Amino acid sequence: MRLFPRALGSAARFSWRENFPLGGRDVARWFPGHMAKGLKRMQSSLKLVDCIIEVHDARIPLSGRNPLFQETLGLKPHLLVLNKMDLADLREQQKIRQHLEGEGLKNVIFTNCVKDENVGQIIPMVTELIGSSCRYHRGENLEYCVMVIGIPNVGKSSLINSIRRLHLRKGKATRVGGHPGITRAVMSRIQVCERPLVFLLDTPGVLAPRIENVETGLKLAVCGTVLDHLVGEETMADYLLYTFNKHQLFRYVQHYGLGNACDDLETVLKRVAVKLGRTQKVKVLTGTGDVNVVQPNYTAAASDFLRAFRGGLLGPVMLDQDILCPVVSRCPGTGAAHLVLGPTLGAGAHVSDELLALMTRLAPRLCPHTTLLA
Ligand SMILES: Nc1nc2c(ncn2[C@@H]2O[C@H](COP(=O)(O)OP(=O)(O)O)[C@@H](O)[C@H]2O)c(=O)[nH]1
Ligand SMILES: [Mg+2]
């Protein structure tokens, strides 16, 4: 008998879960501790570096970055590349840019390294950033050395290969892979451009020592930055199902030919397993004799759900939608407005601490179904 982590709510249409149950999940176990060694090595190569390209996943543009990058590698000119744009719903791109600008990140490029989309903008921006930094007071060296950093599996190595492909018409120089942990050491300099002469340093992914909250942990996990077995594929599939339904993204229904959307993971996985033919017959002994029962392979179904999501087959997503906009939705029971205020609202430039405090004070009076996450 399989154990699902909790009893899920009604599967009736339009009564999607308003929140994902986060309690009881030990997020600290999902992440392999502080990757201090990698960061130290990067720091020691820092004197050779003129500029830092930080790569992050465009599906989580506002969460999950490692705050230690700024602290340890600070001061150098910094470009944020939000990669895997082909998998991200970027309809709110302007809002994302504004949010990031509020955090002091002005140089942001969205890319798709598989198709080399927007990758051509990187070297000109890097050249401009270095040109306007104080590096040139240090000498006549016309080489640029750029360090590529980021959390695991966001496409750092792919970006290096893509820039090299574009500017030098050369093949892969650094290994790429679908799992975190493919690049293990700070590598030697890889030339990616002739004029100007640019070298890039590939680095292993470094996650933050502490993940700010369980939901950020889940977002990082579904994007493949942690080893899947540490979080559990069914937990991740359920978080995705919750996200899809909450934002009315029903491509999964079409992809698996499910007939209708549903918020109950067990029901969805059962149907997915049947569609994929991942079922097995088991004999069950009953009082009246043996009965053959068809048992779905839930693990295989959850794996396929994740794989399809990561391959973009379930449609583009914006996993940071909750940070971009406070959610005002309908309470499933009463139909009353339900407002969710999160702590991150206070961090950006758009909602000041004062405004957040005011909203926090007033919201429960205006709307009795307010969830305060602060
Ligand atoms: N869909 C999509 N996949 C990408 C993109 N860039 C990289 N990937 C894939 O993401 C995975 C991790 O890439 P890799 O470069 O090894 O990431 P790293 O760990 O940050 O160096 C690989 O399977 C890549 O093929 C992109 O822009 N779009
Ligand atoms: Mg790599």
# chains A, B, ... in the order shown; residues from 1 in each chain; ligands from 1
$ residues_near_ligand --ligand "ligand 1" --cutoff "7 Å" --atoms "only C-alpha atoms and all ligand atoms" --output "PyMOL selection string"
chain A and resi 83-87+111-114+150-159+175-183+204-205+311-312
$ residues_around --residues "Asn19 (chain A)" --least-positions-apart "2" --cutoff "10 Å" --atoms "only C-alpha atoms" --output "PDB file with N, CA and C atoms, in the first residue's frame"
ATOM      1  N   TRP A  16      -9.109  24.161  -6.694  1.00  0.00           N
ATOM      2  CA  TRP A  16      -7.704  23.786  -6.576  1.00  0.00           C
ATOM      3  C   TRP A  16      -7.173  24.156  -5.218  1.00  0.00           C
ATOM      4  N   ARG A  17      -6.119  23.479  -4.831  1.00  0.00           N
ATOM      5  CA  ARG A  17      -5.503  23.788  -3.540  1.00  0.00           C
ATOM      6  C   ARG A  17      -4.976  25.218  -3.540  1.00  0.00           C
ATOM      7  N   PRO A  21       0.892  22.011   1.326  1.00  0.00           N
ATOM      8  CA  PRO A  21       1.276  21.754   2.718  1.00  0.00           C
ATOM      9  C   PRO A  21       2.792  21.616   2.849  1.00  0.00           C
ATOM     10  N   LEU A  22       3.386  22.522   3.598  1.00  0.00           N
ATOM     11  CA  LEU A  22       4.845  22.558   3.661  1.00  0.00           C
ATOM     12  C   LEU A  22       5.385  21.971   4.961  1.00  0.00           C
ATOM     13  N   TYR A 239       3.931  18.904  -6.112  1.00  0.00           N
ATOM     14  CA  TYR A 239       4.127  20.355  -6.104  1.00  0.00           C
ATOM     15  C   TYR A 239       3.859  20.938  -7.505  1.00  0.00           C
ATOM     16  N   TYR A 242       0.081  20.932  -8.113  1.00  0.00           N
ATOM     17  CA  TYR A 242      -0.484  22.065  -7.364  1.00  0.00           C
ATOM     18  C   TYR A 242      -0.256  23.374  -8.137  1.00  0.00           C
ATOM     19  N   THR A 243       0.979  23.553  -8.637  1.00  0.00           N
ATOM     20  CA  THR A 243       1.322  24.784  -9.354  1.00  0.00           C
ATOM     21  C   THR A 243       0.526  24.895 -10.654  1.00  0.00           C
ATOM     22  N   LYS A 246      -3.174  25.644  -9.829  1.00  0.00           N
ATOM     23  CA  LYS A 246      -3.353  26.968  -9.231  1.00  0.00           C
ATOM     24  C   LYS A 246      -3.275  28.057 -10.293  1.00  0.00           C
ATOM     25  N   VAL A 340      -3.043  36.197  -0.230  1.00  0.00           N
ATOM     26  CA  VAL A 340      -1.844  35.598   0.362  1.00  0.00           C
ATOM     27  C   VAL A 340      -0.714  36.614   0.324  1.00  0.00           C
ATOM     28  N   THR A 371      -3.861  34.831   4.281  1.00  0.00           N
ATOM     29  CA  THR A 371      -2.774  34.023   4.826  1.00  0.00           C
ATOM     30  C   THR A 371      -1.546  34.911   4.909  1.00  0.00           C
TER      31      THR A 371
END
$ select_by_dssp --residues "region 134-237 of chain A" --states "helix (DSSP H, G or I)" --output "ChimeraX atom specification"
/A:134-138,156-168,214-222,228-231,233-237
$ residues_around --residues "Lys281 (chain A)" --least-positions-apart "3" --cutoff "7 Å" --atoms "only C-alpha atoms" --output "JSON, numbers by chain"
{"A": [292, 293, 294, 295]}
$ residues_around --residues "Lys106 (chain A)" --least-positions-apart "3" --cutoff "10 Å" --atoms "only C-alpha atoms" --output "JSON, numbers by chain"
{"A": [78, 79, 80, 97, 98, 99, 100, 101, 102, 103, 109]}
$ write_last_selection --atoms "C-alpha atoms" --output "CSV table (one decimal), in the first residue's frame"
chain,number,residue,atom,x,y,z
A,78,HIS,CA,28.1,41.2,-12.5
A,79,LEU,CA,25.8,40.0,-15.2
A,80,LEU,CA,22.8,37.8,-14.4
A,97,ARG,CA,13.2,42.9,-14.5
A,98,GLN,CA,11.8,45.6,-12.1
A,99,HIS,CA,12.0,43.3,-9.2
A,100,LEU,CA,15.6,42.4,-9.9
A,101,GLU,CA,16.5,46.0,-10.5
A,102,GLY,CA,15.1,46.7,-7.0
A,103,GLU,CA,17.7,44.2,-5.7
A,109,ILE,CA,19.8,38.7,-20.1
$ atom_distance --atom1 "CA of Gly224 (chain A)" --atom2 "CA of Ile52 (chain A)"
23.1 Å
$ closest_residue --among "A:Arg310, A:Asn141, A:Ile149, A:Lys219" --to "ligand 2" --atoms "only C-alpha atoms and all ligand atoms"
A:Ile149
$ closest_residue --among "A:Arg271, A:Lys172, A:His247, A:Arg91" --to "ligand 2" --atoms "only C-alpha atoms and all ligand atoms"
A:Lys172
$ residues_around --residues "Thr127 (chain A)" --least-positions-apart "2" --cutoff "10 Å" --atoms "only C-alpha atoms" --output "CSV table (one decimal) with C-alpha atoms, in the first residue's frame"
chain,number,residue,atom,x,y,z
A,50,ASP,CA,37.3,40.8,-14.7
A,51,CYS,CA,33.6,40.0,-14.6
A,122,ILE,CA,26.4,38.4,-23.6
A,123,ILE,CA,29.9,39.2,-24.9
A,124,PRO,CA,29.0,42.8,-25.9
A,125,MET,CA,27.4,43.3,-22.4
A,129,LEU,CA,30.7,46.2,-18.1
A,130,ILE,CA,34.4,45.6,-17.9
A,131,GLY,CA,35.1,48.7,-19.9
A,132,SER,CA,33.2,50.8,-17.5
A,133,SER,CA,34.7,49.2,-14.4
A,144,TYR,CA,39.1,39.4,-20.5
A,196,PRO,CA,37.8,40.7,-27.9
A,198,VAL,CA,37.6,36.4,-23.9
$ closest_residue --among "A:Cys193, A:Leu201, A:Leu220, A:Leu62" --to "ligand 2" --atoms "only C-alpha atoms and all ligand atoms"
A:Leu201
$ residues_around --residues "region 69-75 of chain A" --least-positions-apart "2" --cutoff "9 Å" --atoms "only C-alpha atoms" --output "PyMOL selection string"
chain A and resi 39-40+42-43+46+52+54+65-67+77-78+149-150+206+208
$ closest_residue --among "A:Val148, A:Leu240, A:Met318, A:Leu324" --to "ligand 2" --atoms "only C-alpha atoms and all ligand atoms"
A:Val148
$ atom_distance --atom1 "CA of Asp304 (chain A)" --atom2 "CA of Ala237 (chain A)"
9.3 Å
